[in-house]
file start-v1.csv (CSV, C-alpha atoms and all ligand atoms)
chain,number,residue,atom,x,y,z
A,1,MET,CA,-5.9,12.0,23.7
A,2,SER,CA,-5.6,11.0,20.1
A,3,ILE,CA,-2.4,9.5,18.8
A,4,THR,CA,-1.5,10.6,15.3
A,5,SER,CA,2.1,9.4,15.1
A,6,VAL,CA,4.5,7.3,17.2
A,7,THR,CA,8.2,7.2,16.8
A,8,PHE,CA,9.9,3.8,17.3
A,9,GLU,CA,13.6,3.3,17.9
A,10,PRO,CA,15.2,0.0,17.0
A,11,ILE,CA,16.1,-2.2,20.0
A,12,GLY,CA,18.2,-4.5,17.9
A,13,ILE,CA,19.6,-5.4,14.6
A,14,ILE,CA,19.6,-8.7,12.7
A,15,HIS,CA,22.7,-10.5,11.5
A,16,SER,CA,21.5,-13.0,8.8
A,17,CYS,CA,22.7,-15.4,6.2
A,18,PHE,CA,20.5,-13.4,3.7
A,19,ARG,CA,22.4,-10.5,2.4
A,20,GLN,CA,19.9,-9.8,-0.4
A,21,LYS,CA,16.2,-10.3,-0.8
A,22,PHE,CA,16.3,-12.9,-3.5
A,23,GLY,CA,16.2,-16.3,-1.9
A,24,ILE,CA,14.7,-15.3,1.4
A,25,PRO,CA,11.7,-17.6,2.3
A,26,ARG,CA,8.3,-16.0,2.1
A,27,GLN,CA,7.6,-16.8,5.8
A,28,PRO,CA,9.6,-17.8,8.8
A,29,GLY,CA,9.8,-21.5,9.7
A,30,LEU,CA,9.9,-22.7,6.1
A,31,VAL,CA,13.7,-22.8,6.1
A,32,ARG,CA,14.7,-24.1,9.5
A,33,ALA,CA,18.4,-24.1,8.6
A,34,ALA,CA,18.3,-20.3,8.1
A,35,ARG,CA,20.1,-19.0,11.2
A,36,GLY,CA,20.9,-15.6,12.4
A,37,GLN,CA,21.5,-13.4,15.4
A,38,LEU,CA,19.5,-10.6,16.9
A,39,GLU,CA,22.0,-8.2,18.5
A,40,LEU,CA,20.4,-5.9,21.1
A,41,LEU,CA,21.5,-2.3,20.8
A,42,PRO,CA,22.3,0.2,23.6
A,43,PRO,CA,20.5,1.2,25.8
A,44,TYR,CA,18.4,-2.0,25.4
A,45,ASN,CA,21.3,-4.4,25.5
A,46,ARG,CA,20.7,-5.3,29.2
A,47,ARG,CA,20.7,-8.9,30.2
A,48,GLU,CA,17.9,-8.4,32.7
A,49,ALA,CA,15.6,-7.3,29.9
A,50,LEU,CA,15.7,-10.9,28.7
A,51,THR,CA,15.2,-12.6,32.1
A,52,GLY,CA,12.8,-15.5,31.6
A,53,LEU,CA,13.0,-15.6,27.8
A,54,GLU,CA,15.2,-18.7,27.8
A,55,GLY,CA,12.1,-20.7,28.8
A,56,PHE,CA,10.4,-20.0,25.5
A,57,SER,CA,11.3,-22.0,22.4
A,58,HIS,CA,10.0,-19.4,20.0
A,59,LEU,CA,9.8,-15.6,19.7
A,60,TRP,CA,7.8,-13.0,17.8
A,61,ILE,CA,10.1,-10.5,16.2
A,62,HIS,CA,8.7,-7.2,15.1
A,63,PHE,CA,10.8,-5.4,12.6
A,64,ILE,CA,11.1,-2.8,9.9
A,65,PHE,CA,11.1,-3.6,6.2
A,66,HIS,CA,14.0,-1.2,5.9
A,67,GLN,CA,15.0,-2.2,2.4
A,68,THR,CA,11.6,-1.6,0.8
A,69,MET,CA,10.2,1.2,3.0
A,70,ASP,CA,11.2,4.0,0.7
A,71,GLU,CA,9.1,2.4,-2.1
A,72,GLY,CA,5.9,3.2,-0.2
A,73,TRP,CA,2.7,1.1,-0.2
A,74,ARG,CA,0.0,0.1,-2.6
A,75,PRO,CA,-3.7,-0.8,-1.7
A,76,THR,CA,-3.5,-4.0,-3.7
A,77,ILE,CA,-0.8,-6.6,-4.2
A,78,ARG,CA,-0.3,-9.6,-6.5
A,79,PRO,CA,0.9,-12.3,-4.1
A,80,PRO,CA,3.4,-14.8,-5.5
A,81,ARG,CA,1.1,-17.6,-4.2
A,82,LEU,CA,-1.5,-16.6,-6.8
A,83,GLY,CA,1.1,-16.7,-9.6
A,84,GLY,CA,1.5,-13.0,-9.5
A,85,LYS,CA,-1.8,-12.6,-11.5
A,86,LYS,CA,-4.6,-11.9,-9.0
A,87,ARG,CA,-4.8,-8.7,-6.9
A,88,ILE,CA,-5.4,-8.9,-3.2
A,89,GLY,CA,-5.8,-6.1,-0.6
A,90,VAL,CA,-2.6,-5.2,1.1
A,91,PHE,CA,-4.2,-5.9,4.5
A,92,ALA,CA,-5.0,-9.4,3.3
A,93,THR,CA,-1.3,-10.1,2.6
A,94,ARG,CA,2.0,-10.2,4.3
A,95,SER,CA,3.5,-7.9,1.7
A,96,THR,CA,6.5,-5.8,2.6
A,97,HIS,CA,4.9,-2.7,1.0
A,98,ARG,CA,2.6,-1.5,3.7
A,99,PRO,CA,1.5,1.9,5.0
A,100,ASN,CA,3.7,1.3,8.1
A,101,PRO,CA,6.6,-1.0,7.0
A,102,LEU,CA,6.3,-3.4,10.0
A,103,GLY,CA,7.1,-7.1,9.7
A,104,MET,CA,6.5,-9.8,12.2
A,105,SER,CA,8.1,-13.3,12.3
A,106,VAL,CA,8.0,-16.2,14.6
A,107,VAL,CA,11.5,-17.6,15.0
A,108,ARG,CA,13.1,-20.4,17.1
A,109,LEU,CA,15.2,-19.2,20.0
A,110,GLU,CA,18.4,-21.3,19.9
A,111,ASN,CA,20.5,-19.6,22.5
A,112,ILE,CA,21.2,-16.3,24.3
A,113,LEU,CA,24.9,-15.4,24.5
A,114,GLU,CA,27.2,-12.6,25.5
A,115,GLN,CA,30.2,-12.2,23.1
A,116,ASP,CA,32.8,-9.5,23.1
A,117,GLY,CA,30.5,-7.2,25.1
A,118,ARG,CA,27.6,-7.8,22.7
A,119,LEU,CA,24.2,-9.4,23.8
A,120,LEU,CA,23.0,-11.8,21.1
A,121,LEU,CA,20.0,-14.0,20.6
A,122,GLU,CA,20.7,-16.9,18.3
A,123,ILE,CA,17.6,-17.6,16.2
A,124,SER,CA,16.6,-19.9,13.4
A,125,GLY,CA,13.9,-20.4,10.8
A,126,ILE,CA,14.3,-16.7,9.9
A,127,ASP,CA,12.9,-14.8,6.9
A,128,LEU,CA,14.9,-11.7,7.7
A,129,LEU,CA,17.4,-9.7,5.7
A,130,ASP,CA,20.8,-8.9,7.1
A,131,GLN,CA,20.8,-5.5,9.0
A,132,THR,CA,17.0,-5.6,9.5
A,133,PRO,CA,16.1,-3.2,12.4
A,134,VAL,CA,14.1,-4.9,15.2
A,135,VAL,CA,11.6,-2.8,17.1
A,136,ASP,CA,10.3,-5.5,19.6
A,137,ILE,CA,10.7,-9.0,20.8
A,138,LYS,CA,7.8,-11.0,22.5
A,139,PRO,CA,7.6,-14.6,23.6
A,140,TYR,CA,5.5,-16.9,21.4
A,141,LEU,CA,2.7,-18.2,23.6
A,142,PRO,CA,1.4,-21.5,22.4
A,143,TYR,CA,-1.9,-21.4,24.3
A,144,ALA,CA,-2.8,-18.1,22.7
A,145,ASP,CA,-0.9,-18.1,19.4
A,146,ILE,CA,-1.7,-21.6,18.1
A,147,ILE,CA,-5.2,-21.6,16.6
A,148,SER,CA,-5.8,-25.0,15.3
A,149,ASP,CA,-9.0,-24.3,13.5
A,150,ALA,CA,-7.9,-21.1,11.8
A,151,SER,CA,-8.4,-20.8,8.0
A,152,GLY,CA,-5.7,-19.6,5.7
A,153,GLY,CA,-7.5,-17.6,3.0
A,154,PHE,CA,-5.7,-17.7,-0.3
A,155,ALA,CA,-2.6,-19.2,1.3
A,156,PRO,CA,-3.8,-22.3,3.2
A,157,GLU,CA,-0.5,-24.3,2.7
A,158,PRO,CA,3.1,-23.4,2.2
A,159,GLY,CA,3.1,-24.7,-1.4
A,160,ALA,CA,4.7,-27.6,-3.3
A,161,GLN,CA,8.3,-28.4,-2.7
A,162,THR,CA,10.8,-28.5,-5.6
A,163,ALA,CA,13.4,-31.3,-5.7
A,164,VAL,CA,17.0,-30.1,-5.2
A,165,THR,CA,20.2,-31.9,-6.1
A,166,PHE,CA,23.9,-30.9,-6.1
A,167,THR,CA,26.7,-31.6,-8.6
A,168,GLU,CA,29.7,-33.4,-7.0
A,169,GLU,CA,31.8,-30.2,-7.2
A,170,ALA,CA,29.2,-28.0,-5.5
A,171,LEU,CA,28.7,-30.6,-2.8
A,172,ALA,CA,32.4,-30.8,-2.1
A,173,ILE,CA,32.7,-27.1,-1.7
A,174,CYS,CA,29.6,-27.1,0.7
A,175,GLN,CA,31.3,-29.8,2.8
A,176,GLN,CA,34.6,-27.9,2.9
A,177,TYR,CA,32.8,-24.7,3.9
A,178,GLU,CA,30.8,-26.5,6.6
A,179,GLN,CA,34.0,-27.8,8.1
A,180,GLN,CA,35.8,-24.4,8.0
A,181,GLN,CA,32.9,-22.3,9.2
A,182,GLY,CA,30.8,-24.7,11.3
A,183,ARG,CA,27.7,-23.7,9.4
A,184,GLN,CA,25.1,-26.0,7.8
A,185,LEU,CA,25.3,-24.9,4.1
A,186,GLN,CA,24.0,-27.8,2.1
A,187,LEU,CA,20.8,-28.2,4.1
A,188,LEU,CA,20.3,-24.4,4.0
A,189,ILE,CA,20.6,-24.2,0.2
A,190,GLN,CA,18.4,-27.3,-0.2
A,191,GLN,CA,15.6,-25.9,2.1
A,192,ILE,CA,15.7,-22.5,0.4
A,193,LEU,CA,15.5,-23.8,-3.2
A,194,SER,CA,12.8,-26.4,-2.3
A,195,GLN,CA,10.6,-23.4,-1.7
A,196,ASP,CA,11.3,-22.2,-5.3
A,197,PRO,CA,12.4,-18.6,-4.7
A,198,ARG,CA,11.9,-17.5,-8.3
A,199,PRO,CA,9.6,-14.4,-8.5
A,200,ALA,CA,6.0,-15.1,-9.6
A,201,TYR,CA,6.1,-12.6,-12.5
A,202,LEU,CA,9.0,-14.4,-14.1
A,203,ASN,CA,8.4,-16.1,-17.4
A,204,LYS,CA,9.7,-19.5,-16.1
A,205,ASN,CA,10.4,-20.8,-19.6
A,206,ASN,CA,13.0,-18.2,-20.5
A,207,GLU,CA,15.7,-18.4,-17.8
A,208,ARG,CA,17.5,-21.6,-17.2
A,209,SER,CA,19.8,-20.7,-14.4
A,210,PHE,CA,19.7,-18.5,-11.3
A,211,GLY,CA,22.0,-17.1,-8.6
A,212,MET,CA,21.7,-15.9,-5.0
A,213,SER,CA,24.0,-15.0,-2.3
A,214,LEU,CA,24.2,-16.5,1.2
A,215,TRP,CA,26.7,-15.1,3.7
A,216,ASP,CA,29.8,-14.4,1.6
A,217,LEU,CA,29.0,-17.0,-1.0
A,218,ASN,CA,27.5,-16.9,-4.5
A,219,ILE,CA,25.3,-19.9,-5.3
A,220,ARG,CA,24.1,-20.8,-8.8
A,221,TRP,CA,21.6,-23.5,-9.8
A,222,ARG,CA,20.0,-24.6,-13.1
A,223,ILE,CA,16.6,-26.0,-14.0
A,224,GLU,CA,16.4,-29.5,-15.2
A,225,THR,CA,13.5,-31.8,-15.6
A,226,GLY,CA,12.3,-32.8,-12.2
A,227,GLY,CA,13.9,-30.0,-10.2
A,228,PHE,CA,16.9,-27.7,-9.5
A,229,VAL,CA,20.6,-28.7,-9.7
A,230,VAL,CA,23.0,-26.6,-7.7
A,231,TYR,CA,26.2,-26.4,-9.8
A,232,GLU,CA,28.2,-23.5,-8.3
A,233,VAL,CA,29.1,-22.5,-4.7
A,234,GLN,CA,31.7,-19.7,-4.8
A,235,GLN,CA,33.3,-17.4,-2.3
A,236,GLN,CA,32.7,-13.7,-3.2
A,237,GLU,CA,35.8,-11.6,-4.0
A,238,PRO,CA,36.8,-9.7,-0.9
A,239,CYS,CA,36.3,-5.9,-1.2
A,240,ILE,CA,39.6,-4.2,-1.7
A,241,SER,CA,39.6,-0.6,-0.9
A,242,PRO,CA,41.5,1.7,-3.2
B,301,LIG,N1,7.1,-12.8,8.3
B,301,LIG,C1,7.1,-11.4,7.9
B,301,LIG,C2,7.7,-11.1,6.5
B,301,LIG,C3,6.9,-11.7,5.4
B,301,LIG,S1,7.4,-11.1,3.8
B,301,LIG,C4,5.7,-10.9,8.0
B,301,LIG,O1,4.7,-11.6,7.8
B,301,LIG,O2,5.5,-9.7,8.3
B,301,LIG,C5,8.9,-12.0,3.7
B,301,LIG,C6,9.8,-11.3,2.8
B,301,LIG,O3,10.2,-10.1,3.5
B,301,LIG,C7,11.1,-12.0,2.5
B,301,LIG,O4,10.9,-12.8,1.3
B,301,LIG,C8,12.1,-10.9,2.3
B,301,LIG,O5,12.3,-10.7,0.9
B,301,LIG,C9,11.4,-9.7,2.9
B,301,LIG,N2,12.3,-9.0,3.9
B,301,LIG,C10,12.8,-9.6,5.0
B,301,LIG,N3,13.5,-8.6,5.7
B,301,LIG,C11,13.3,-7.4,5.0
B,301,LIG,C12,13.8,-6.1,5.2
B,301,LIG,N4,14.5,-5.8,6.3
B,301,LIG,N5,13.4,-5.1,4.3
B,301,LIG,C13,12.6,-5.5,3.3
B,301,LIG,N6,12.2,-6.7,3.0
B,301,LIG,C14,12.5,-7.7,3.9
call {"tool": "encode", "arguments": {"input": "start-v1.csv", "output": "structure tokens", "more": "lines below"}}
Ligand code: SAH
result
Amino acid sequence: MSITSVTFEPIGIIHSCFRQKFGIPRQPGLVRAARGQLELLPPYNRREALTGLEGFSHLWIHFIFHQTMDEGWRPTIRPPRLGGKKRIGVFATRSTHRPNPLGMSVVRLENILEQDGRLLLEISGIDLLDQTPVVDIKPYLPYADIISDASGGFAPEPGAQTAVTFTEEALAICQQYEQQQGRQLQLLIQQILSQDPRPAYLNKNNERSFGMSLWDLNIRWRIETGGFVVYEVQQQEPCISP
């Protein structure tokens, strides 16, 4: 029998602090403070399907790059790690634009909970957009998945870290938000920006300030000698229906 096509159905959906692509780390684990939830969808939201999972610290999540899948794929990519200049084969990259738009991420399993009839896996270190459809979950097996003598091709290391500071005003709003929401905001912003999320193709001399959204917040930072300064943390206007 030859298989020419397979149809997958999402088993879950991601709830993430990342509501847009800009700012999402390039791989999982780089921003440990990035937390989210994987909600299992019917008919897969059965507690027994997760029996034994709590013994694992990390999971593989297989998901669909749903936001970029309509843009198709290209045989070569200019990875940000090479300054957006050199072309690499798509199968030698973790690009989102692939023949089959499948992503895979190792994330930390923080907790499994049932809330208002919903079955949720709390996860951290994520590089996943809000509403990402999940097609599979597998336990991370250290004895098989850690390969200590593996070589990392054109991306051997995560890259240099940028220094991040906050203005007093921005810091005060972060602290207020943390108290109200019980979410780690300052650490999250700091870890995201230290990865320098600016696109590789950008002429870095032109723009002096940038913005991204996290949950319902708009964050702005500017470039100063020696690093980034976060100067604005603002709640987005609620949508008012007409
Ligand atoms: N760890 C995964 C993803 C690597 S690419 C893998 O190796 O397969 C990481 C980028 O995927 C992030 O910077 C983010 O911009 C993008 N991304 C995350 N979720 C996405 C989604 N649902 N649709 C499209 N792009 C997504």
call {"tool": "closest_residue", "arguments": {"input": "start-v1.csv", "among": "A:Ile13, A:Leu113, A:Leu214, A:Val106", "to": "A:Ile146", "atoms": "all atoms listed in the file"}}
result
A:Val106
call {"tool": "atom_distance", "arguments": {"input": "start-v1.csv", "atom1": "atom CA of A:Trp73", "atom2": "atom C5 of ligand LIG 301 (chain B)"}}
result
15.0 Å
call {"tool": "residues_near_ligand", "arguments": {"input": "start-v1.csv", "ligand": "ligand LIG 301 (chain B)", "cutoff": "9 Å", "atoms": "all atoms listed in the file", "output": "ChimeraX atom specification"}}
result
/A:14,18,20-28,61-69,93-97,101-106,126-134,197
call {"tool": "closest_residue", "arguments": {"input": "start-v1.csv", "among": "A:Arg108, A:Arg198, A:His15, A:Arg47", "to": "A:Tyr140", "atoms": "all atoms listed in the file"}}
result
A:Arg108
call {"tool": "closest_residue", "arguments": {"input": "start-v1.csv", "among": "A:Gln161, A:Gln186, A:Gln181, A:Gln234", "to": "A:Leu30", "atoms": "all atoms listed in the file"}}
result
A:Gln161
call {"tool": "closest_residue", "arguments": {"input": "start-v1.csv", "among": "A:Gly125, A:Pro139, A:Gly36, A:Gly89", "to": "A:Glu54", "atoms": "only C-alpha atoms"}}
result
A:Pro139
call {"tool": "closest_residue", "arguments": {"input": "start-v1.csv", "among": "A:Glu110, A:Trp215, A:Glu178, A:Trp221", "to": "A:Gln190", "atoms": "all atoms listed in the file"}}
result
A:Trp221
call {"tool": "atom_distance", "arguments": {"input": "start-v1.csv", "atom1": "atom CA of A:Asn111", "atom2": "atom CA of A:Ile137"}}
result
14.5 Å
call {"tool": "atom_distance", "arguments": {"input": "start-v1.csv", "atom1": "atom CA of A:Thr76", "atom2": "atom CA of A:Phe154"}}
result
14.3 Å
call {"tool": "residues_around", "arguments": {"input": "start-v1.csv", "residues": "A:Cys174", "least_positions_apart": "6", "cutoff": "9 Å", "atoms": "only C-alpha atoms", "output": "list in words"}}
result
Gln184, Leu185, Gln186 and Val233 of chain A
call {"tool": "closest_residue", "arguments": {"input": "start-v1.csv", "among": "A:Glu39, A:Gln191, A:Pro80, A:Pro75", "to": "A:Asp116", "atoms": "all atoms listed in the file"}}
result
A:Glu39
call {"tool": "residues_around", "arguments": {"input": "start-v1.csv", "residues": "A:Asn45", "least_positions_apart": "5", "cutoff": "10 Å", "atoms": "all atoms listed in the file", "output": "list in words"}}
result
Ile11, Gly12, Glu39, Leu40, Leu50, Gly117, Arg118, Leu119 and Leu120 of chain A
call {"tool": "build_atoms", "arguments": {"input": "start-v1.csv", "residues": "stretch 45-56 of chain A", "atoms": "all heavy atoms", "output": "PDB file, in the coordinates of the input"}}
result
ATOM      1  N   ASN A  45      20.484  -3.216  25.448  1.00  0.00           N
ATOM      2  CA  ASN A  45      21.300  -4.400  25.500  1.00  0.00           C
ATOM      3  C   ASN A  45      21.585  -4.786  26.986  1.00  0.00           C
ATOM      4  O   ASN A  45      22.728  -4.887  27.402  1.00  0.00           O
ATOM      5  CB  ASN A  45      22.596  -4.282  24.731  1.00  0.00           C
ATOM      6  CG  ASN A  45      23.410  -3.090  25.165  1.00  0.00           C
ATOM      7  OD1 ASN A  45      22.880  -2.187  25.815  1.00  0.00           O
ATOM      8  ND2 ASN A  45      24.684  -3.063  24.814  1.00  0.00           N
ATOM      9  N   ARG A  46      20.512  -4.979  27.734  1.00  0.00           N
ATOM     10  CA  ARG A  46      20.700  -5.300  29.200  1.00  0.00           C
ATOM     11  C   ARG A  46      20.162  -6.711  29.391  1.00  0.00           C
ATOM     12  O   ARG A  46      19.028  -7.049  29.046  1.00  0.00           O
ATOM     13  CB  ARG A  46      19.839  -4.292  29.984  1.00  0.00           C
ATOM     14  CG  ARG A  46      20.331  -2.871  29.725  1.00  0.00           C
ATOM     15  CD  ARG A  46      19.519  -1.907  30.479  1.00  0.00           C
ATOM     16  NE  ARG A  46      19.558  -2.223  31.894  1.00  0.00           N
ATOM     17  CZ  ARG A  46      19.455  -1.324  32.841  1.00  0.00           C
ATOM     18  NH1 ARG A  46      19.345  -0.051  32.534  1.00  0.00           N
ATOM     19  NH2 ARG A  46      19.449  -1.673  34.105  1.00  0.00           N
ATOM     20  N   ARG A  47      21.023  -7.509  29.978  1.00  0.00           N
ATOM     21  CA  ARG A  47      20.700  -8.900  30.200  1.00  0.00           C
ATOM     22  C   ARG A  47      19.399  -9.117  30.928  1.00  0.00           C
ATOM     23  O   ARG A  47      18.633 -10.025  30.629  1.00  0.00           O
ATOM     24  CB  ARG A  47      21.897  -9.594  30.913  1.00  0.00           C
ATOM     25  CG  ARG A  47      21.820 -11.094  31.015  1.00  0.00           C
ATOM     26  CD  ARG A  47      21.861 -11.756  29.637  1.00  0.00           C
ATOM     27  NE  ARG A  47      21.663 -13.204  29.685  1.00  0.00           N
ATOM     28  CZ  ARG A  47      20.484 -13.803  29.770  1.00  0.00           C
ATOM     29  NH1 ARG A  47      19.372 -13.074  29.855  1.00  0.00           N
ATOM     30  NH2 ARG A  47      20.390 -15.120  29.778  1.00  0.00           N
ATOM     31  N   GLU A  48      19.125  -8.217  31.896  1.00  0.00           N
ATOM     32  CA  GLU A  48      17.900  -8.400  32.700  1.00  0.00           C
ATOM     33  C   GLU A  48      16.630  -8.210  31.888  1.00  0.00           C
ATOM     34  O   GLU A  48      15.579  -8.728  32.249  1.00  0.00           O
ATOM     35  CB  GLU A  48      17.905  -7.542  33.970  1.00  0.00           C
ATOM     36  CG  GLU A  48      17.783  -6.050  33.733  1.00  0.00           C
ATOM     37  CD  GLU A  48      19.137  -5.345  33.699  1.00  0.00           C
ATOM     38  OE1 GLU A  48      20.110  -5.946  33.190  1.00  0.00           O
ATOM     39  OE2 GLU A  48      19.214  -4.196  34.164  1.00  0.00           O
ATOM     40  N   ALA A  49      16.737  -7.509  30.775  1.00  0.00           N
ATOM     41  CA  ALA A  49      15.600  -7.300  29.900  1.00  0.00           C
ATOM     42  C   ALA A  49      15.143  -8.625  29.243  1.00  0.00           C
ATOM     43  O   ALA A  49      14.054  -8.729  28.680  1.00  0.00           O
ATOM     44  CB  ALA A  49      15.829  -6.243  28.872  1.00  0.00           C
ATOM     45  N   LEU A  50      16.031  -9.633  29.312  1.00  0.00           N
ATOM     46  CA  LEU A  50      15.700 -10.900  28.700  1.00  0.00           C
ATOM     47  C   LEU A  50      15.458 -12.016  29.732  1.00  0.00           C
ATOM     48  O   LEU A  50      15.239 -13.174  29.375  1.00  0.00           O
ATOM     49  CB  LEU A  50      16.936 -11.381  27.830  1.00  0.00           C
ATOM     50  CG  LEU A  50      17.334 -10.444  26.684  1.00  0.00           C
ATOM     51  CD1 LEU A  50      18.582 -10.974  25.994  1.00  0.00           C
ATOM     52  CD2 LEU A  50      16.196 -10.319  25.670  1.00  0.00           C
ATOM     53  N   THR A  51      15.442 -11.647  31.007  1.00  0.00           N
ATOM     54  CA  THR A  51      15.200 -12.600  32.100  1.00  0.00           C
ATOM     55  C   THR A  51      13.937 -13.398  31.823  1.00  0.00           C
ATOM     56  O   THR A  51      12.886 -12.778  31.631  1.00  0.00           O
ATOM     57  CB  THR A  51      15.179 -11.958  33.455  1.00  0.00           C
ATOM     58  OG1 THR A  51      16.299 -11.102  33.558  1.00  0.00           O
ATOM     59  CG2 THR A  51      15.193 -12.985  34.587  1.00  0.00           C
ATOM     60  N   GLY A  52      14.012 -14.717  31.805  1.00  0.00           N
ATOM     61  CA  GLY A  52      12.800 -15.500  31.600  1.00  0.00           C
ATOM     62  C   GLY A  52      12.602 -15.949  30.173  1.00  0.00           C
ATOM     63  O   GLY A  52      11.853 -16.880  29.885  1.00  0.00           O
ATOM     64  N   LEU A  53      13.271 -15.268  29.241  1.00  0.00           N
ATOM     65  CA  LEU A  53      13.000 -15.600  27.800  1.00  0.00           C
ATOM     66  C   LEU A  53      13.548 -16.949  27.430  1.00  0.00           C
ATOM     67  O   LEU A  53      12.991 -17.592  26.533  1.00  0.00           O
ATOM     68  CB  LEU A  53      13.730 -14.483  26.953  1.00  0.00           C
ATOM     69  CG  LEU A  53      13.239 -14.411  25.506  1.00  0.00           C
ATOM     70  CD1 LEU A  53      11.788 -13.966  25.443  1.00  0.00           C
ATOM     71  CD2 LEU A  53      14.096 -13.475  24.675  1.00  0.00           C
ATOM     72  N   GLU A  54      14.605 -17.416  28.130  1.00  0.00           N
ATOM     73  CA  GLU A  54      15.200 -18.700  27.800  1.00  0.00           C
ATOM     74  C   GLU A  54      14.206 -19.872  27.940  1.00  0.00           C
ATOM     75  O   GLU A  54      14.397 -20.948  27.374  1.00  0.00           O
ATOM     76  CB  GLU A  54      16.504 -18.973  28.531  1.00  0.00           C
ATOM     77  CG  GLU A  54      16.413 -19.019  30.059  1.00  0.00           C
ATOM     78  CD  GLU A  54      16.246 -17.647  30.708  1.00  0.00           C
ATOM     79  OE1 GLU A  54      16.630 -16.635  30.096  1.00  0.00           O
ATOM     80  OE2 GLU A  54      15.704 -17.595  31.826  1.00  0.00           O
ATOM     81  N   GLY A  55      13.129 -19.671  28.664  1.00  0.00           N
ATOM     82  CA  GLY A  55      12.100 -20.700  28.800  1.00  0.00           C
ATOM     83  C   GLY A  55      11.190 -20.859  27.650  1.00  0.00           C
ATOM     84  O   GLY A  55      10.356 -21.769  27.619  1.00  0.00           O
ATOM     85  N   PHE A  56      11.309 -19.978  26.666  1.00  0.00           N
ATOM     86  CA  PHE A  56      10.400 -20.000  25.500  1.00  0.00           C
ATOM     87  C   PHE A  56      11.217 -20.597  24.296  1.00  0.00           C
ATOM     88  O   PHE A  56      12.361 -20.193  24.059  1.00  0.00           O
ATOM     89  CB  PHE A  56       9.918 -18.634  25.134  1.00  0.00           C
ATOM     90  CG  PHE A  56       8.958 -18.095  26.156  1.00  0.00           C
ATOM     91  CD1 PHE A  56       9.409 -17.358  27.238  1.00  0.00           C
ATOM     92  CD2 PHE A  56       7.603 -18.356  26.043  1.00  0.00           C
ATOM     93  CE1 PHE A  56       8.529 -16.876  28.190  1.00  0.00           C
ATOM     94  CE2 PHE A  56       6.707 -17.880  26.996  1.00  0.00           C
ATOM     95  CZ  PHE A  56       7.170 -17.142  28.072  1.00  0.00           C
TER      96      PHE A  56
END
